[in-house]
>>> print(open('final.txt').read())   # compact mmCIF, C-alpha atoms and all ligand atoms
# COMPACT_ATOMS: atom_id res chain seq x y z
CA MET A 10 -15.18 101.27 73.60
CA GLN A 11 -17.01 97.93 73.70
CA THR A 12 -15.00 94.90 74.67
CA PRO A 13 -15.90 91.22 74.46
CA ALA A 14 -16.41 89.04 77.52
CA SER A 15 -13.37 86.91 78.33
CA PHE A 16 -12.86 83.72 76.35
CA GLU A 17 -10.32 80.95 75.81
CA TYR A 18 -8.57 80.94 72.44
CA GLU A 19 -7.04 78.08 70.50
CA ARG A 20 -5.61 77.74 67.02
CA ALA A 21 -6.80 74.77 65.01
CA THR A 22 -4.09 72.61 63.48
CA SER A 23 -6.37 70.37 61.38
CA VAL A 24 -10.02 70.10 60.35
CA GLU A 25 -10.38 66.95 62.46
CA GLY A 26 -8.76 68.74 65.42
CA ALA A 27 -11.17 71.70 65.11
CA ILE A 28 -14.13 69.31 65.02
CA ALA A 29 -12.79 67.40 68.03
CA SER A 30 -12.38 70.68 69.96
CA LEU A 31 -15.94 71.75 69.06
CA ALA A 32 -17.27 68.38 70.23
CA ARG A 33 -15.23 68.49 73.44
CA LEU A 34 -16.08 72.09 74.35
CA GLY A 35 -19.80 71.96 73.46
CA PRO A 36 -22.18 74.77 72.43
CA GLU A 37 -20.17 77.48 74.23
CA ALA A 38 -17.38 77.09 71.63
CA ARG A 39 -17.39 78.87 68.26
CA VAL A 40 -15.00 78.83 65.34
CA ILE A 41 -13.67 82.15 64.14
CA ALA A 42 -12.84 82.71 60.45
CA GLY A 43 -12.55 86.33 59.22
CA GLY A 44 -14.08 87.60 62.47
CA HIS A 45 -15.95 90.40 60.69
CA SER A 46 -19.33 89.23 61.95
CA LEU A 47 -18.43 87.35 65.12
CA LEU A 48 -16.11 89.96 66.70
CA PRO A 49 -18.60 92.87 66.37
CA MET A 50 -21.25 90.62 67.94
CA MET A 51 -18.87 89.73 70.78
CA LYS A 52 -18.02 93.39 71.35
CA LEU A 53 -21.73 94.17 71.63
CA ARG A 54 -22.12 91.09 73.90
CA LEU A 55 -24.69 89.67 71.49
CA ALA A 56 -22.42 86.62 71.37
CA GLN A 57 -20.40 85.45 74.37
CA PRO A 58 -18.60 82.26 73.36
CA GLU A 59 -16.42 80.83 76.11
CA HIS A 60 -13.97 79.31 73.61
CA LEU A 61 -12.87 80.52 70.19
CA ILE A 62 -11.29 78.06 67.79
CA ASP A 63 -9.36 79.96 65.16
CA ILE A 64 -9.51 78.11 61.85
CA ASN A 65 -7.23 80.55 59.97
CA PRO A 66 -4.23 78.17 60.30
CA LEU A 67 -6.25 75.79 58.10
CA GLU A 68 -6.03 78.17 55.13
CA PRO A 69 -3.82 75.81 53.06
CA GLU A 70 -6.50 73.11 53.46
CA LEU A 71 -9.68 75.21 53.33
CA SER A 72 -8.94 78.08 50.93
CA TYR A 73 -9.34 77.21 47.24
CA ILE A 74 -11.57 77.63 44.19
CA ARG A 75 -11.20 74.68 41.83
CA ASP A 76 -12.87 72.92 38.93
CA GLN A 77 -13.35 69.34 40.02
CA GLY A 78 -15.15 68.01 36.95
CA GLY A 79 -18.85 68.80 36.82
CA GLU A 80 -18.69 71.28 39.69
CA ILE A 81 -16.67 74.13 41.15
CA ALA A 82 -15.57 73.59 44.73
CA ILE A 83 -14.87 76.54 47.06
CA GLY A 84 -13.17 75.98 50.41
CA ALA A 85 -14.96 77.50 53.40
CA LEU A 86 -11.99 79.75 54.31
CA THR A 87 -11.84 81.35 50.86
CA ARG A 88 -11.85 85.15 51.35
CA HIS A 89 -14.22 87.57 49.62
CA VAL A 90 -11.24 89.04 47.74
CA ASP A 91 -10.41 85.64 46.22
CA LEU A 92 -14.00 85.20 45.07
CA LEU A 93 -13.84 88.68 43.55
CA LYS A 94 -10.65 87.96 41.65
CA SER A 95 -11.33 84.38 40.53
CA GLU A 96 -11.32 84.05 36.74
CA LEU A 97 -12.80 80.56 37.05
CA LEU A 98 -15.84 81.91 38.90
CA ALA A 99 -16.13 84.92 36.59
CA GLU A 100 -16.28 82.56 33.61
CA HIS A 101 -18.93 80.18 34.99
CA PHE A 102 -20.72 82.19 37.71
CA PRO A 103 -20.24 85.96 37.20
CA VAL A 104 -22.85 86.47 39.94
CA PHE A 105 -20.02 86.08 42.48
CA ARG A 106 -18.04 89.00 41.04
CA ASP A 107 -21.21 91.12 40.81
CA ALA A 108 -21.86 90.49 44.50
CA GLU A 109 -18.29 90.84 45.71
CA GLU A 110 -17.93 94.22 44.01
CA VAL A 111 -20.66 95.53 46.35
CA ILE A 112 -19.91 93.66 49.59
CA ALA A 113 -18.44 95.97 52.23
CA ASP A 114 -14.97 97.38 51.55
CA PRO A 115 -11.45 95.99 50.93
CA VAL A 116 -10.72 95.66 54.67
CA VAL A 117 -13.70 93.34 55.16
CA ARG A 118 -13.19 91.56 51.83
CA ASN A 119 -9.55 90.79 52.64
CA ARG A 120 -10.50 88.80 55.76
CA GLY A 121 -14.19 87.78 55.54
CA THR A 122 -14.81 84.28 54.20
CA ILE A 123 -17.53 82.50 52.28
CA GLY A 124 -17.91 80.03 55.16
CA GLY A 125 -18.33 82.82 57.71
CA SER A 126 -20.80 84.66 55.49
CA LEU A 127 -23.00 81.60 54.98
CA CYS A 128 -22.76 80.44 58.62
CA GLN A 129 -23.53 83.90 59.98
CA ALA A 130 -26.83 83.60 58.04
CA ASP A 131 -27.61 87.29 58.32
CA PRO A 132 -30.81 87.78 56.27
CA ALA A 133 -29.04 90.56 54.33
CA GLU A 134 -25.96 88.45 53.46
CA ASP A 135 -25.25 88.79 49.72
CA LEU A 136 -23.48 85.43 49.30
CA SER A 137 -26.45 83.53 50.74
CA ALA A 138 -28.62 84.84 47.88
CA VAL A 139 -25.85 84.04 45.39
CA CYS A 140 -25.46 80.45 46.64
CA THR A 141 -29.25 79.96 46.68
CA ALA A 142 -29.53 81.09 43.04
CA VAL A 143 -26.74 78.86 41.74
CA LYS A 144 -28.09 75.84 43.67
CA ALA A 145 -24.95 75.42 45.71
CA LYS A 146 -24.45 72.54 48.11
CA ALA A 147 -22.83 72.91 51.51
CA VAL A 148 -20.35 70.26 52.67
CA ILE A 149 -20.56 69.93 56.45
CA ARG A 150 -18.17 67.82 58.53
CA GLY A 151 -18.72 66.69 62.09
CA PRO A 152 -17.77 63.95 64.57
CA SER A 153 -19.87 61.37 62.67
CA GLY A 154 -18.52 62.21 59.20
CA GLN A 155 -19.50 64.37 56.25
CA ARG A 156 -22.90 65.34 54.83
CA VAL A 157 -23.91 67.46 51.85
CA VAL A 158 -26.83 69.85 52.29
CA PRO A 159 -28.55 71.70 49.41
CA MET A 160 -28.62 75.46 49.91
CA ASP A 161 -32.43 75.55 50.20
CA GLN A 162 -32.10 73.45 53.38
CA PHE A 163 -29.10 75.39 54.72
CA HIS A 164 -30.76 78.51 56.19
CA VAL A 165 -33.14 77.30 58.88
CA ALA A 166 -33.91 80.59 60.70
CA PRO A 167 -32.41 84.09 61.03
CA TYR A 168 -28.77 83.60 62.06
CA ALA A 169 -29.22 79.80 62.17
CA THR A 170 -28.12 77.18 59.66
CA ALA A 171 -28.03 73.43 59.16
CA VAL A 172 -24.48 73.42 60.61
CA GLY A 173 -24.97 71.87 64.06
CA ASP A 174 -22.97 72.14 67.28
CA GLY A 175 -19.66 70.37 66.79
CA GLU A 176 -19.80 70.72 63.00
CA LEU A 177 -17.79 72.73 60.48
CA LEU A 178 -18.75 73.97 57.02
CA THR A 179 -15.77 72.91 54.92
CA GLU A 180 -16.75 73.46 51.28
CA VAL A 181 -19.35 74.94 48.95
CA ARG A 182 -20.01 73.10 45.67
CA LEU A 183 -21.52 74.67 42.57
CA PRO A 184 -22.92 72.30 39.94
CA LEU A 185 -21.82 73.21 36.39
CA PHE A 186 -24.25 73.11 33.45
CA LEU A 187 -23.83 74.39 29.91
CA GLY A 188 -25.80 77.50 28.95
CA ALA A 189 -25.61 79.06 32.41
CA GLY A 190 -25.78 82.80 33.10
CA SER A 191 -26.04 84.55 36.45
CA ALA A 192 -26.21 88.04 37.94
CA HIS A 193 -26.55 89.87 41.29
CA GLU A 194 -28.41 93.17 41.65
CA LYS A 195 -28.32 95.22 44.86
CA VAL A 196 -29.55 98.57 46.09
CA GLU A 197 -27.72 100.01 49.10
CA ARG A 198 -27.79 103.37 50.84
CA ARG A 199 -24.13 104.06 50.14
CA ALA A 200 -21.19 102.17 48.64
CA GLY A 201 -20.19 99.14 50.74
CA ASP A 202 -23.33 99.11 52.87
CA TRP A 203 -25.57 96.14 53.53
CA ALA A 204 -28.41 95.78 51.02
CA ILE A 205 -31.76 97.52 51.26
CA ALA A 206 -32.67 94.68 48.90
CA ALA A 207 -30.58 92.37 46.72
CA VAL A 208 -31.43 89.64 44.23
CA SER A 209 -29.30 86.89 42.67
CA ALA A 210 -30.51 84.98 39.62
CA ALA A 211 -29.06 82.07 37.66
CA VAL A 212 -30.61 80.95 34.36
CA TRP A 213 -29.75 77.81 32.41
CA VAL A 214 -30.88 78.12 28.77
CA ASP A 215 -31.20 75.10 26.49
CA ARG A 216 -32.56 75.35 22.92
CA ALA A 217 -34.05 78.79 23.52
CA THR A 218 -35.99 77.77 26.64
CA ILE A 219 -35.24 78.21 30.31
CA HIS A 220 -34.18 74.72 31.29
CA ASP A 221 -33.65 75.69 34.92
CA VAL A 222 -33.51 78.84 37.04
CA GLY A 223 -32.57 79.86 40.58
CA ILE A 224 -33.54 83.09 42.39
CA GLY A 225 -32.38 84.19 45.87
CA LEU A 226 -33.43 87.39 47.67
CA SER A 227 -31.48 89.13 50.45
CA ALA A 228 -32.60 91.64 53.08
CA VAL A 229 -36.34 91.32 52.37
CA GLY A 230 -37.27 88.53 54.78
CA LEU A 231 -36.29 86.85 58.03
CA THR A 232 -33.89 84.60 56.09
CA THR A 233 -32.60 84.51 52.53
CA ILE A 234 -35.66 83.92 50.33
CA HIS A 235 -35.65 81.15 47.72
CA LEU A 236 -38.22 82.32 45.16
CA LYS A 237 -39.59 78.89 44.23
CA ARG A 238 -42.97 80.07 42.86
CA ALA A 239 -41.27 82.34 40.32
CA GLU A 240 -38.82 79.58 39.40
CA GLU A 241 -41.74 77.24 38.61
CA LEU A 242 -43.31 79.91 36.39
CA LEU A 243 -40.08 80.39 34.42
CA ARG A 244 -38.98 76.77 33.97
CA GLY A 245 -39.62 75.42 30.44
CA GLN A 246 -40.57 78.85 29.02
CA PRO A 247 -38.78 80.90 26.36
CA PRO A 248 -37.18 83.89 28.13
CA SER A 249 -38.96 87.22 27.63
CA GLU A 250 -39.28 90.56 29.38
CA GLU A 251 -43.02 89.87 29.94
CA LEU A 252 -42.19 86.62 31.72
CA PHE A 253 -39.56 88.36 33.86
CA GLU A 254 -42.16 91.04 34.71
CA GLN A 255 -44.45 88.28 36.04
CA ALA A 256 -41.56 86.85 38.08
CA ALA A 257 -40.94 90.36 39.45
CA THR A 258 -44.57 90.59 40.58
CA ILE A 259 -44.20 87.26 42.41
CA ALA A 260 -40.98 88.52 44.07
CA SER A 261 -42.82 91.59 45.40
CA GLU A 262 -45.64 89.37 46.67
CA ASP A 263 -43.52 86.55 48.15
CA CYS A 264 -40.97 88.58 50.08
CA SER A 265 -41.63 89.67 53.67
CA PRO A 266 -39.55 92.76 54.41
CA MET A 267 -39.64 94.73 57.64
CA ALA A 268 -39.60 98.51 57.87
CA ASP A 269 -36.35 99.83 59.34
CA GLY A 270 -33.76 102.54 58.84
CA ARG A 271 -33.17 101.24 55.32
CA GLY A 272 -36.74 101.91 54.19
CA PRO A 273 -40.45 101.13 54.49
CA VAL A 274 -42.05 97.81 53.52
CA ASP A 275 -43.63 99.01 50.25
CA TYR A 276 -40.32 100.41 49.00
CA LYS A 277 -38.52 97.14 49.76
CA ARG A 278 -41.24 95.10 48.03
CA HIS A 279 -40.96 97.36 45.00
CA LEU A 280 -37.18 96.94 44.97
CA ALA A 281 -37.46 93.14 45.25
CA GLY A 282 -39.55 93.14 42.06
CA VAL A 283 -37.40 95.57 40.10
CA LEU A 284 -34.18 93.80 41.06
CA THR A 285 -35.61 90.36 40.25
CA LYS A 286 -36.47 91.49 36.73
CA ARG A 287 -33.05 93.10 36.28
CA ALA A 288 -31.17 90.06 37.60
CA LEU A 289 -33.15 87.66 35.38
CA SER A 290 -32.61 89.83 32.26
CA ARG A 291 -28.89 90.14 32.88
CA ALA A 292 -28.42 86.46 33.78
CA THR A 293 -30.26 85.44 30.60
CA ALA A 294 -28.24 87.83 28.42
CA ARG A 295 -25.10 86.26 29.86
CA ALA A 296 -26.41 82.73 29.27
CA LEU A 297 -27.11 83.67 25.63
CA LYS A 298 -23.79 85.57 25.42
CA GLN A 299 -25.73 88.70 24.45
CA GLU A 300 -24.63 91.01 27.26
CA ALA A 301 -23.60 94.39 25.88
C1 LIG B 1 -18.50 96.96 57.94
C2 LIG B 1 -19.01 95.67 57.37
C3 LIG B 1 -19.79 95.70 56.24
C4 LIG B 1 -20.28 94.51 55.70
N1 LIG B 1 -21.03 94.56 54.57
C5 LIG B 1 -21.51 93.42 54.04
C6 LIG B 1 -22.31 93.44 52.86
O1 LIG B 1 -22.57 94.47 52.25
N2 LIG B 1 -22.78 92.26 52.40
C7 LIG B 1 -22.49 91.06 53.01
O2 LIG B 1 -22.93 90.02 52.53
N3 LIG B 1 -21.72 91.02 54.12
C8 LIG B 1 -21.22 92.16 54.65
N4 LIG B 1 -20.46 92.10 55.78
C9 LIG B 1 -20.18 90.80 56.43
C10 LIG B 1 -18.90 90.20 55.90
O3 LIG B 1 -19.16 89.62 54.65
C11 LIG B 1 -18.37 89.13 56.88
O4 LIG B 1 -17.08 88.84 56.55
C12 LIG B 1 -19.10 87.84 56.87
O5 LIG B 1 -20.45 88.04 57.19
C13 LIG B 1 -18.58 86.85 57.91
O6 LIG B 1 -17.47 86.20 57.46
P1 LIG B 1 -16.25 85.95 58.45
O7 LIG B 1 -15.32 85.03 57.76
O8 LIG B 1 -15.72 87.26 58.91
O9 LIG B 1 -16.98 85.14 59.63
P2 LIG B 1 -16.77 85.18 61.22
O10 LIG B 1 -17.15 86.52 61.75
O11 LIG B 1 -15.44 84.66 61.60
O12 LIG B 1 -17.87 84.08 61.64
C14 LIG B 1 -19.25 84.34 61.48
C15 LIG B 1 -20.04 83.14 62.08
O13 LIG B 1 -19.84 81.99 61.27
C16 LIG B 1 -19.25 80.93 62.04
N5 LIG B 1 -18.31 80.26 61.13
C17 LIG B 1 -17.32 80.85 60.42
N6 LIG B 1 -16.74 79.96 59.60
C18 LIG B 1 -17.37 78.77 59.83
C19 LIG B 1 -17.22 77.46 59.28
N7 LIG B 1 -16.33 77.18 58.31
N8 LIG B 1 -18.03 76.48 59.74
C20 LIG B 1 -18.95 76.74 60.72
N9 LIG B 1 -19.14 77.96 61.25
C21 LIG B 1 -18.36 78.97 60.81
C22 LIG B 1 -18.62 81.60 63.25
O14 LIG B 1 -18.53 80.72 64.35
C23 LIG B 1 -19.59 82.74 63.48
O15 LIG B 1 -20.71 82.28 64.20
C24 LIG B 1 -19.97 93.27 56.33
C25 LIG B 1 -19.18 93.24 57.48
C26 LIG B 1 -18.70 94.42 58.00
C27 LIG B 1 -17.83 94.37 59.24
>>> encode(input="final.txt", output="structure tokens")
Amino acid sequence: MQTPASFEYERATSVEGAIASLARLGPEARVIAGGHSLLPMMKLRLAQPEHLIDINPLEPELSYIRDQGGEIAIGALTRHVDLLKSELLAEHFPVFRDAEEVIADPVVRNRGTIGGSLCQADPAEDLSAVCTAVKAKAVIRGPSGQRVVPMDQFHVAPYATAVGDGELLTEVRLPLFLGAGSAHEKVERRAGDWAIAAVSAAVWVDRATIHDVGIGLSAVGLTTIHLKRAEELLRGQPPSEELFEQAATIASEDCSPMADGRGPVDYKRHLAGVLTKRALSRATARALKQEA
């Protein structure tokens, strides 16, 4: 059985305290949330933090999903299961429920958090595609205060984000607009597995045209892919299956999958296209309240 290298453990008692500990202990310190990504990496010795700062005691402060006028705010320690069950999210951003229904299993969903998912920045992470599509903003706090980073600047490299040493992701904000619909489509080898390919789409329809659109792709590149070229094509156009077919072609062209145990490159490119079209169609049907 694999075991992690030895480490010091402390329980955070406040957000400021966790940030102070991170600043004091330096790059060898990591926060632990659900532990479903960090602990397996520690067991495999792919991560060997010398200090773990457990932020679970901050649940009262960092676990919430609330409407704060013009946007929905989600605390970083909010568990997958709470995202799955949230009626507020299901009403405004059903893409979260779509994704949560196919992320791992109840054991992982009961502990894993949105903050851990985004900060892990695994290229196959479903919630990174979701947050890219809905144009989420990440609230990051550190020793010098708070900054808000748009999701398209959040993922900087595989397993690396805009959250720096000594900083904590505290909240994810989702801007609310009328006429929004969203959907997540995923193909996996078996129930609860990581994606072979997954696509999130959000479509904002105003007077029968696509006012704005967001598309995020998982598992078909070195990081989550923000499909900007397809978004430009769609913006300002009346929605149609032909248009979504063109966006699907761009998705197949603009992704950069690698061959692995989940499939060859051509198959993954094909899936990226098919899933983009499906996600756009379903998101639009939801925006127009036409979903069967
Ligand atoms: C068997 C299994 C199957 C899975 N299947 C899927 C799947 O299909 N799709 C999917 O998307 N995910 C899947 N996951 C991953 C799961 O969603 C994890 O819960 C998630 O990736 C990490 O969340 P966590 O809260 O457990 O983070 P942790 O493991 O605690 O932390 C992950 C990283 O984020 C950092 N971190 C955590 N919180 C913060 C914060 N607030 N601020 C700054 N840094 C922070 C940690 O220091 C660490 O580096 C699976 C995991 C397992 C074990």
>>> closest_residue(input="final.txt", among="A:Tyr73, A:Phe105, A:Phe16, A:Phe186", to="Leu48 in chain A", atoms="all atoms listed in the file")
A:Phe16
>>> residues_near_ligand(input="final.txt", ligand="ligand LIG 1 (chain B)", cutoff="7 Å", atoms="only C-alpha atoms and all ligand atoms", output="number ranges by chain")
A: 39-48, 85-86, 111-114, 117-118, 120-126, 128-129, 133-136, 172, 176-179, 201-204
>>> closest_residue(input="final.txt", among="A:Asp91, A:Glu59, A:Glu25, A:Glu80", to="Leu185 in chain A", atoms="only C-alpha atoms")
A:Glu80
>>> closest_residue(input="final.txt", among="A:Pro152, A:Ser191, A:Val90, A:Pro184", to="Val139 in chain A", atoms="all atoms listed in the file")
A:Ser191
>>> residues_near_point(input="final.txt", point="(-36.1, 77.6, 41.5)", cutoff="8 Å", atoms="all atoms listed in the file", output="JSON, numbers by chain")
{"A": [142, 221, 222, 223, 224, 235, 236, 237, 238, 239, 240, 241]}
>>> write_last_selection(input="final.txt", atoms="C-alpha atoms", output="short mmCIF file (atom, residue, chain, number, x, y, z; two decimals), in the frame of the given file")
data_model
loop_
_atom_site.label_atom_id
_atom_site.label_comp_id
_atom_site.auth_asym_id
_atom_site.auth_seq_id
_atom_site.Cartn_x
_atom_site.Cartn_y
_atom_site.Cartn_z
CA ALA A 142 -29.53 81.09 43.04
CA ASP A 221 -33.65 75.69 34.92
CA VAL A 222 -33.51 78.84 37.04
CA GLY A 223 -32.57 79.86 40.58
CA ILE A 224 -33.54 83.09 42.39
CA HIS A 235 -35.65 81.15 47.72
CA LEU A 236 -38.22 82.32 45.16
CA LYS A 237 -39.59 78.89 44.23
CA ARG A 238 -42.97 80.07 42.86
CA ALA A 239 -41.27 82.34 40.32
CA GLU A 240 -38.82 79.58 39.40
CA GLU A 241 -41.74 77.24 38.61
#
>>> residues_around(input="final.txt", residues="Lys144 in chain A", least_positions_apart="3", cutoff="9 Å", atoms="only C-alpha atoms", output="MDAnalysis selection string")
chainID A and resid 139:141 159:161 182:184 211 223
>>> write_last_selection(input="final.txt", atoms="C-alpha atoms", output="PDB file, in the coordinates of the input")
ATOM      1  CA  VAL A 139     -25.850  84.040  45.390  1.00  0.00           C
ATOM      2  CA  CYS A 140     -25.460  80.450  46.640  1.00  0.00           C
ATOM      3  CA  THR A 141     -29.250  79.960  46.680  1.00  0.00           C
ATOM      4  CA  PRO A 159     -28.550  71.700  49.410  1.00  0.00           C
ATOM      5  CA  MET A 160     -28.620  75.460  49.910  1.00  0.00           C
ATOM      6  CA  ASP A 161     -32.430  75.550  50.200  1.00  0.00           C
ATOM      7  CA  ARG A 182     -20.010  73.100  45.670  1.00  0.00           C
ATOM      8  CA  LEU A 183     -21.520  74.670  42.570  1.00  0.00           C
ATOM      9  CA  PRO A 184     -22.920  72.300  39.940  1.00  0.00           C
ATOM     10  CA  ALA A 211     -29.060  82.070  37.660  1.00  0.00           C
ATOM     11  CA  GLY A 223     -32.570  79.860  40.580  1.00  0.00           C
TER      12      GLY A 223
END
>>> closest_residue(input="final.txt", among="A:Leu242, A:Ala99, A:Ile83, A:Ala288", to="Ala147 in chain A", atoms="all atoms listed in the file")
A:Ile83
>>> closest_residue(input="final.txt", among="A:Ser72, A:Thr12, A:Ser30, A:Gln77", to="Arg54 in chain A", atoms="all atoms listed in the file")
A:Thr12
>>> closest_residue(input="final.txt", among="A:Ala169, A:Leu289, A:Arg271, A:Glu262", to="Ile219 in chain A", atoms="only C-alpha atoms")
A:Leu289
>>> residues_near_point(input="final.txt", point="(-32.5, 91.6, 64.3)", cutoff="10 Å", atoms="all atoms listed in the file", output="PDB file with C-alpha atoms, in the frame of the given file")
ATOM      1  CA  ASP A 131     -27.610  87.290  58.320  1.00  0.00           C
ATOM      2  CA  PRO A 132     -30.810  87.780  56.270  1.00  0.00           C
ATOM      3  CA  PRO A 167     -32.410  84.090  61.030  1.00  0.00           C
ATOM      4  CA  TYR A 168     -28.770  83.600  62.060  1.00  0.00           C
ATOM      5  CA  LEU A 231     -36.290  86.850  58.030  1.00  0.00           C
TER       6      LEU A 231
END
>>> atom_distance(input="final.txt", atom1="CA of Ile149 in chain A", atom2="CA of Ala210 in chain A")
24.7 Å
>>> axis_aligned_box(input="final.txt", around="range 234-247 of chain A", padding_each_side="3 Å", output="lines of an AutoDock Vina configuration file")
center_x = -39.5
center_y = 79.7
center_z = 38.3
size_x = 13.7
size_y = 14.5
size_z = 30.0
>>> residues_around(input="final.txt", residues="Val229 in chain A", least_positions_apart="6", cutoff="9 Å", atoms="all atoms listed in the file", output="JSON, numbers by chain")
{"A": [132, 133, 205, 206, 207, 264, 265, 266, 267, 274, 277, 278, 281]}
>>> write_last_selection(input="final.txt", atoms="C-alpha atoms", output="mmCIF file, in the frame of the given file")
data_model
loop_
_atom_site.group_PDB
_atom_site.id
_atom_site.type_symbol
_atom_site.label_atom_id
_atom_site.label_comp_id
_atom_site.auth_asym_id
_atom_site.auth_seq_id
_atom_site.Cartn_x
_atom_site.Cartn_y
_atom_site.Cartn_z
ATOM 1 C CA PRO A 132 -30.810 87.780 56.270
ATOM 2 C CA ALA A 133 -29.040 90.560 54.330
ATOM 3 C CA ILE A 205 -31.760 97.520 51.260
ATOM 4 C CA ALA A 206 -32.670 94.680 48.900
ATOM 5 C CA ALA A 207 -30.580 92.370 46.720
ATOM 6 C CA CYS A 264 -40.970 88.580 50.080
ATOM 7 C CA SER A 265 -41.630 89.670 53.670
ATOM 8 C CA PRO A 266 -39.550 92.760 54.410
ATOM 9 C CA MET A 267 -39.640 94.730 57.640
ATOM 10 C CA VAL A 274 -42.050 97.810 53.520
ATOM 11 C CA LYS A 277 -38.520 97.140 49.760
ATOM 12 C CA ARG A 278 -41.240 95.100 48.030
ATOM 13 C CA ALA A 281 -37.460 93.140 45.250
#
>>> atom_distance(input="final.txt", atom1="CA of Ser209 in chain A", atom2="CA of Leu226 in chain A")
6.5 Å
>>> residues_around(input="final.txt", residues="His60 in chain A", least_positions_apart="5", cutoff="9 Å", atoms="only C-alpha atoms", output="mmCIF file with C-alpha atoms, in the frame of the given file")
data_model
loop_
_atom_site.group_PDB
_atom_site.id
_atom_site.type_symbol
_atom_site.label_atom_id
_atom_site.label_comp_id
_atom_site.auth_asym_id
_atom_site.auth_seq_id
_atom_site.Cartn_x
_atom_site.Cartn_y
_atom_site.Cartn_z
ATOM 1 C CA SER A 15 -13.370 86.910 78.330
ATOM 2 C CA PHE A 16 -12.860 83.720 76.350
ATOM 3 C CA GLU A 17 -10.320 80.950 75.810
ATOM 4 C CA TYR A 18 -8.570 80.940 72.440
ATOM 5 C CA GLU A 19 -7.040 78.080 70.500
ATOM 6 C CA LEU A 34 -16.080 72.090 74.350
ATOM 7 C CA GLU A 37 -20.170 77.480 74.230
ATOM 8 C CA ALA A 38 -17.380 77.090 71.630
ATOM 9 C CA ARG A 39 -17.390 78.870 68.260
ATOM 10 C CA VAL A 40 -15.000 78.830 65.340
#
>>> build_atoms(input="final.txt", residues="range 73-85 of chain A", atoms="N, CA and C atoms", output="PDB file, in the frame of the given file")
ATOM      1  N   TYR A  73      -9.583  77.577  48.641  1.00  0.00           N
ATOM      2  CA  TYR A  73      -9.340  77.210  47.240  1.00  0.00           C
ATOM      3  C   TYR A  73     -10.625  77.428  46.436  1.00  0.00           C
ATOM      4  N   ILE A  74     -10.442  77.609  45.143  1.00  0.00           N
ATOM      5  CA  ILE A  74     -11.570  77.630  44.190  1.00  0.00           C
ATOM      6  C   ILE A  74     -11.106  76.745  43.050  1.00  0.00           C
ATOM      7  N   ARG A  75     -11.717  75.567  42.881  1.00  0.00           N
ATOM      8  CA  ARG A  75     -11.200  74.680  41.830  1.00  0.00           C
ATOM      9  C   ARG A  75     -12.318  73.978  41.067  1.00  0.00           C
ATOM     10  N   ASP A  76     -11.973  73.687  39.801  1.00  0.00           N
ATOM     11  CA  ASP A  76     -12.870  72.920  38.930  1.00  0.00           C
ATOM     12  C   ASP A  76     -12.607  71.457  39.233  1.00  0.00           C
ATOM     13  N   GLN A  77     -13.615  70.755  39.751  1.00  0.00           N
ATOM     14  CA  GLN A  77     -13.350  69.340  40.020  1.00  0.00           C
ATOM     15  C   GLN A  77     -14.274  68.456  39.188  1.00  0.00           C
ATOM     16  N   GLY A  78     -14.415  68.856  37.892  1.00  0.00           N
ATOM     17  CA  GLY A  78     -15.150  68.010  36.950  1.00  0.00           C
ATOM     18  C   GLY A  78     -16.626  67.968  37.275  1.00  0.00           C
ATOM     19  N   GLY A  79     -17.415  68.781  36.572  1.00  0.00           N
ATOM     20  CA  GLY A  79     -18.850  68.800  36.820  1.00  0.00           C
ATOM     21  C   GLY A  79     -19.275  69.773  37.902  1.00  0.00           C
ATOM     22  N   GLU A  80     -18.324  70.274  38.684  1.00  0.00           N
ATOM     23  CA  GLU A  80     -18.690  71.280  39.690  1.00  0.00           C
ATOM     24  C   GLU A  80     -17.457  72.114  40.072  1.00  0.00           C
ATOM     25  N   ILE A  81     -17.746  73.302  40.582  1.00  0.00           N
ATOM     26  CA  ILE A  81     -16.670  74.130  41.150  1.00  0.00           C
ATOM     27  C   ILE A  81     -16.754  73.994  42.659  1.00  0.00           C
ATOM     28  N   ALA A  82     -15.607  73.733  43.272  1.00  0.00           N
ATOM     29  CA  ALA A  82     -15.570  73.590  44.730  1.00  0.00           C
ATOM     30  C   ALA A  82     -14.852  74.806  45.327  1.00  0.00           C
ATOM     31  N   ILE A  83     -15.453  75.367  46.367  1.00  0.00           N
ATOM     32  CA  ILE A  83     -14.870  76.540  47.060  1.00  0.00           C
ATOM     33  C   ILE A  83     -14.671  76.169  48.525  1.00  0.00           C
ATOM     34  N   GLY A  84     -13.439  76.276  49.000  1.00  0.00           N
ATOM     35  CA  GLY A  84     -13.170  75.980  50.410  1.00  0.00           C
ATOM     36  C   GLY A  84     -13.791  77.037  51.315  1.00  0.00           C
ATOM     37  N   ALA A  85     -14.210  76.608  52.503  1.00  0.00           N
ATOM     38  CA  ALA A  85     -14.960  77.500  53.400  1.00  0.00           C
ATOM     39  C   ALA A  85     -14.155  78.729  53.834  1.00  0.00           C
TER      40      ALA A  85
END
